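What follows is a set of notes on a single structure, which appears directly below.
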Amino acid sequence: MIMAEPIPFPAAALRGTLRLDEPMAKHVSWRAGGHAARAYSPADTADLALFLKSLPAREPVCLVGLGSNLLVRDGGFRGTVVLMHKTHAAIRMDGKDVYADAGQASPKVARFAAVHGLEGAEFLAGIPGTVGGALAMNAGCYGSETWDVVERALTIDRHGELHERRRAEFELGYRHCAIKDDARLGEDLWFAGAWFRFREGDRDRARARIAELLARRVESQPLNLPNAGSVFRNPPGDHAARLIEACGLKGFAIGGARISEKHANFIVNPKRRARAADIEALIGHARETVKERFGVELQVEVRIVGEALT
């Protein structure tokens, strides 16, 4: 059990759900890892703002979407996790733009755009996370990145204050997003939503493209096993999967974690018995092996939080 100092939340005013000692294996796609001292599921953006405002300034906070890019160490997270994903999170047309809350699943944005006769959102169907996570890491696939189609974003800070920001205010790159001259993004400043701009197109063509991309994912990725998507960023001019496979690491296992035989940049938890320590050790082994053989330092794409067991 993770013990933490009690926090006097204004329970009467909050409309979400607070749980103590929450097993994070339930909330990450690897289905492994430790517990969080507290986990809060906000009812909506206004409730999220009130909750964040109620937290002590030094309280560690981690916002989690679908947990598809996250590993919580076995010793747990001694702070508050905010569970952002909501099936009823807002998604709507706002003039020519599509607005979606950060807790909305990225694939739903692709489907929503297609239904409204818009094209250019199809790649979002291949991002297995929420809008907030896609914004934070500039997630991408099939030649497109999230910020290619973002007009502006809504951020929220530790004081519960919301700010609408233009795309030009962000420093963007491959799997990278930061606010210019501001290092707080992801620490005490997070995404609450975004406005996407897609081109007018053909509904049936967009739906067909989504189906095609999803079929490609099923064919090339181990989606039937617990995983967190791509573990490493692709180095310039190469692919992490190619380097790992060239080292003969497909199928290599530590404890209950294994490098996928289907896609070498995926680590899977086939029997749901892997510890977070097994996964982290396997990440380290792959990095060391690739560096030793090719001299390439692979950069981890997965976010790792919490404390190791001692």
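Starting from 1 in every chain, residues are counted up; chains themselves are A, B, ... following the order of the structure tokens, and ligands are numbered from 1 as listed.
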
Practice problem: Do a neighbour search on A:Asp94 at 10 Å with only C-alpha atoms, toss out local chain neighbours closer than 6 positions, and write the hits as a ChimeraX atom specification. | Solution: /A:100,195-196

Quiz item: Near A:Ile283, within 8 Å and counting only C-alpha atoms, which residues show up once chain neighbours fewer than 4 positions away are dropped, as number ranges by chain?
Solution: A: 231, 279, 287

Keeping only C-alpha atoms, write the selected residues to a file as a PDB file, in the first residue's frame.
```
ATOM      1  CA  VAL A 231       8.950   2.065 -26.695  1.00  0.00           C
ATOM      2  CA  ILE A 279       9.729  -3.976 -18.420  1.00  0.00           C
ATOM      3  CA  ARG A 287      19.196   0.355 -25.275  1.00  0.00           C
TER       4      ARG A 287
END
```

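Among the candidates A:Arg78, A:Arg207, A:Arg58, A:Arg158, the residue lying nearest to A:Glu22 is A:Arg78 (atoms considered: only C-alpha atoms).
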
Practice problem: Using DSSP on the backbone, list every residue of stretch 75-132 of chain A that comes out as strand (DSSP E), and give them as JSON, numbers by chain. | Solution: {"A": [77, 78, 79, 80, 81, 82, 83, 91, 92, 93, 94, 97, 98, 99, 100, 101, 118, 119]}

Practice problem: Based on DSSP run over this structure's backbone, return all residues of stretch 63-255 of chain A in helix (DSSP H, G or I), as number ranges by chain. | Solution: A: 106-115, 122-126, 131-137, 146-148, 167-169, 203-220, 240-246

C-alpha atoms of the current selection, written as a short mmCIF file (atom, residue, chain, number, x, y, z; two decimals), in the first residue's frame:
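Output file out16.cif is given in full below:
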```cif
data_model
loop_
_atom_site.label_atom_id
_atom_site.label_comp_id
_atom_site.auth_asym_id
_atom_site.auth_seq_id
_atom_site.Cartn_x
_atom_site.Cartn_y
_atom_site.Cartn_z
CA SER A 106 -7.77 10.18 -30.39
CA PRO A 107 -9.42 7.49 -32.60
CA LYS A 108 -12.82 8.99 -31.79
CA VAL A 109 -11.64 12.34 -33.18
CA ALA A 110 -10.80 10.57 -36.44
CA ARG A 111 -14.23 8.94 -36.61
CA PHE A 112 -16.04 12.15 -35.64
CA ALA A 113 -14.25 14.10 -38.37
CA ALA A 114 -15.08 11.45 -40.97
CA VAL A 115 -18.77 11.47 -40.03
CA GLU A 122 -7.57 9.52 -40.32
CA PHE A 123 -4.08 8.99 -38.86
CA LEU A 124 -5.45 9.78 -35.39
CA ALA A 125 -7.24 6.42 -35.50
CA GLY A 126 -3.79 4.83 -35.21
CA VAL A 131 -6.07 13.89 -27.15
CA GLY A 132 -4.12 15.19 -24.14
CA GLY A 133 -1.40 12.60 -24.53
CA ALA A 134 -1.24 13.08 -28.29
CA LEU A 135 -0.77 16.83 -27.80
CA ALA A 136 1.85 16.44 -25.07
CA MET A 137 4.14 14.21 -27.13
CA THR A 146 -0.87 15.57 -34.06
CA TRP A 147 0.25 19.20 -34.23
CA ASP A 148 0.01 19.14 -38.03
CA ARG A 167 -0.20 26.96 -32.15
CA ALA A 168 2.58 29.52 -32.59
CA GLU A 169 3.11 29.57 -28.82
CA ARG A 203 -17.10 10.93 -45.68
CA ASP A 204 -16.87 7.48 -47.26
CA ARG A 205 -13.29 8.03 -48.39
CA ALA A 206 -12.27 9.09 -44.88
CA ARG A 207 -13.95 6.05 -43.35
CA ALA A 208 -12.25 3.75 -45.86
CA ARG A 209 -8.87 5.29 -45.04
CA ILE A 210 -9.45 4.75 -41.29
CA ALA A 211 -10.32 1.10 -41.93
CA GLU A 212 -7.19 0.71 -44.05
CA LEU A 213 -4.89 2.18 -41.41
CA LEU A 214 -6.42 0.09 -38.62
CA ALA A 215 -5.95 -3.06 -40.71
CA ARG A 216 -2.28 -2.13 -41.13
CA ARG A 217 -1.91 -1.75 -37.37
CA VAL A 218 -3.43 -5.16 -36.70
CA GLU A 219 -1.13 -6.72 -39.29
CA SER A 220 2.10 -5.16 -38.03
CA ALA A 240 14.35 1.63 -33.62
CA ALA A 241 12.62 -1.64 -34.53
CA ARG A 242 15.20 -2.39 -37.24
CA LEU A 243 18.11 -1.82 -34.85
CA ILE A 244 16.59 -3.95 -32.08
CA GLU A 245 15.76 -6.76 -34.50
CA ALA A 246 19.26 -6.61 -35.99
#
```

Do a neighbour search on stretch 290-300 of chain A at 12 Å with only C-alpha atoms, toss out local chain neighbours closer than 6 positions, and write the hits as a short mmCIF file (atom, residue, chain, number, x, y, z; two decimals) with N, CA, C and O atoms, in the first residue's frame.
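As written to disk, selection_17.cif reads:
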```
data_model
loop_
_atom_site.label_atom_id
_atom_site.label_comp_id
_atom_site.auth_asym_id
_atom_site.auth_seq_id
_atom_site.Cartn_x
_atom_site.Cartn_y
_atom_site.Cartn_z
N ASN A 69 1.11 5.05 -22.91
CA ASN A 69 2.50 5.47 -23.06
C ASN A 69 3.13 5.69 -21.69
O ASN A 69 3.95 6.58 -21.50
N LEU A 70 2.71 4.85 -20.73
CA LEU A 70 3.07 5.09 -19.33
C LEU A 70 3.44 3.81 -18.61
O LEU A 70 2.81 2.77 -18.81
N LEU A 71 4.47 3.90 -17.76
CA LEU A 71 4.85 2.81 -16.87
C LEU A 71 4.98 3.38 -15.46
O LEU A 71 5.70 4.36 -15.25
N TYR A 174 9.71 16.29 -33.42
CA TYR A 174 9.40 14.86 -33.44
C TYR A 174 9.21 14.36 -32.01
O TYR A 174 10.13 14.41 -31.19
N ARG A 175 8.00 13.93 -31.70
CA ARG A 175 7.60 13.45 -30.37
C ARG A 175 7.95 14.47 -29.29
O ARG A 175 8.34 14.12 -28.18
N ALA A 228 2.60 -0.98 -24.73
CA ALA A 228 2.50 0.48 -24.62
C ALA A 228 2.87 1.17 -25.91
O ALA A 228 3.35 2.29 -25.91
N GLY A 229 2.66 0.49 -27.03
CA GLY A 229 3.03 1.08 -28.30
C GLY A 229 4.54 1.12 -28.47
O GLY A 229 5.28 0.35 -27.84
N SER A 230 5.01 2.00 -29.31
CA SER A 230 6.45 2.10 -29.56
C SER A 230 7.18 2.53 -28.29
O SER A 230 6.82 3.54 -27.68
N VAL A 231 8.20 1.77 -27.92
CA VAL A 231 8.95 2.06 -26.70
C VAL A 231 9.99 3.15 -26.94
O VAL A 231 10.23 4.00 -26.08
N PHE A 232 10.63 3.13 -28.12
CA PHE A 232 11.71 4.07 -28.43
C PHE A 232 11.34 4.97 -29.60
O PHE A 232 10.60 4.56 -30.51
N ARG A 233 11.86 6.17 -29.59
CA ARG A 233 11.75 7.06 -30.74
C ARG A 233 12.64 6.53 -31.86
O ARG A 233 13.68 5.93 -31.60
N ASN A 234 12.24 6.77 -33.07
CA ASN A 234 13.09 6.39 -34.19
C ASN A 234 14.27 7.36 -34.29
O ASN A 234 14.06 8.59 -34.31
N PRO A 235 15.51 6.85 -34.33
CA PRO A 235 16.65 7.77 -34.50
C PRO A 235 16.64 8.35 -35.91
O PRO A 235 16.03 7.78 -36.82
N PRO A 236 17.29 9.48 -36.11
CA PRO A 236 17.29 10.12 -37.44
C PRO A 236 17.76 9.16 -38.54
O PRO A 236 18.81 8.53 -38.42
N GLY A 237 16.94 9.02 -39.56
CA GLY A 237 17.30 8.22 -40.71
C GLY A 237 17.24 6.71 -40.50
O GLY A 237 17.72 5.95 -41.34
N ASP A 238 16.66 6.28 -39.40
CA ASP A 238 16.60 4.84 -39.14
C ASP A 238 15.34 4.53 -38.34
O ASP A 238 14.53 5.41 -38.05
N HIS A 239 15.18 3.25 -37.99
CA HIS A 239 14.03 2.82 -37.20
C HIS A 239 14.52 2.03 -35.99
O HIS A 239 15.38 1.14 -36.14
N ALA A 240 13.98 2.35 -34.83
CA ALA A 240 14.35 1.63 -33.62
C ALA A 240 14.09 0.13 -33.77
O ALA A 240 14.89 -0.69 -33.33
N ALA A 241 12.97 -0.22 -34.38
CA ALA A 241 12.62 -1.64 -34.53
C ALA A 241 13.68 -2.37 -35.35
O ALA A 241 14.04 -3.52 -35.04
N ARG A 242 14.19 -1.74 -36.41
CA ARG A 242 15.20 -2.39 -37.24
C ARG A 242 16.47 -2.66 -36.44
O ARG A 242 17.07 -3.74 -36.52
N LEU A 243 16.90 -1.67 -35.65
CA LEU A 243 18.11 -1.82 -34.85
C LEU A 243 17.96 -2.92 -33.80
O LEU A 243 18.88 -3.73 -33.61
N ILE A 244 16.82 -2.94 -33.12
CA ILE A 244 16.59 -3.95 -32.08
C ILE A 244 16.54 -5.35 -32.70
O ILE A 244 17.13 -6.30 -32.17
N GLU A 245 15.85 -5.46 -33.82
CA GLU A 245 15.76 -6.76 -34.50
C GLU A 245 17.13 -7.22 -34.99
O GLU A 245 17.48 -8.40 -34.91
N ALA A 246 17.93 -6.28 -35.50
CA ALA A 246 19.26 -6.61 -35.99
C ALA A 246 20.18 -7.12 -34.88
O ALA A 246 21.16 -7.81 -35.14
N CYS A 247 19.85 -6.77 -33.65
CA CYS A 247 20.61 -7.26 -32.49
C CYS A 247 20.13 -8.64 -32.04
O CYS A 247 20.63 -9.17 -31.04
N GLY A 248 19.15 -9.19 -32.74
CA GLY A 248 18.64 -10.51 -32.40
C GLY A 248 17.79 -10.54 -31.14
O GLY A 248 17.69 -11.57 -30.48
N LEU A 249 17.14 -9.41 -30.83
CA LEU A 249 16.41 -9.31 -29.57
C LEU A 249 14.92 -9.63 -29.67
O LEU A 249 14.23 -9.62 -28.65
N ASN A 265 9.98 -2.96 -31.69
CA ASN A 265 9.92 -1.75 -30.87
C ASN A 265 8.75 -1.80 -29.89
O ASN A 265 8.38 -0.80 -29.30
N PHE A 266 8.18 -2.98 -29.72
CA PHE A 266 7.10 -3.19 -28.75
C PHE A 266 7.58 -4.17 -27.68
O PHE A 266 8.19 -5.19 -28.00
N GLU A 280 11.12 -2.28 -17.36
CA GLU A 280 12.17 -1.26 -17.36
C GLU A 280 13.54 -1.89 -17.61
O GLU A 280 14.38 -1.30 -18.31
N LEU A 282 14.09 -4.55 -19.39
CA LEU A 282 14.13 -4.93 -20.80
C LEU A 282 14.38 -3.70 -21.68
O LEU A 282 15.11 -3.77 -22.68
N ILE A 283 13.80 -2.57 -21.30
CA ILE A 283 14.08 -1.32 -22.00
C ILE A 283 15.56 -1.00 -21.93
O ILE A 283 16.21 -0.67 -22.93
N GLY A 284 16.13 -1.12 -20.73
CA GLY A 284 17.54 -0.84 -20.55
C GLY A 284 18.43 -1.79 -21.33
O GLY A 284 19.44 -1.38 -21.92
#
```

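Closest to A:Thr130 among A:Ala105, A:Val268, A:Leu14, A:Ala57 is A:Ala105, based on only C-alpha atoms.
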
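When only C-alpha atoms are used to compute distances to A:Lys26, the closest of the residues A:Gly143, A:Gly75, A:Pro226, A:Pro56 turns out to be A:Pro226.
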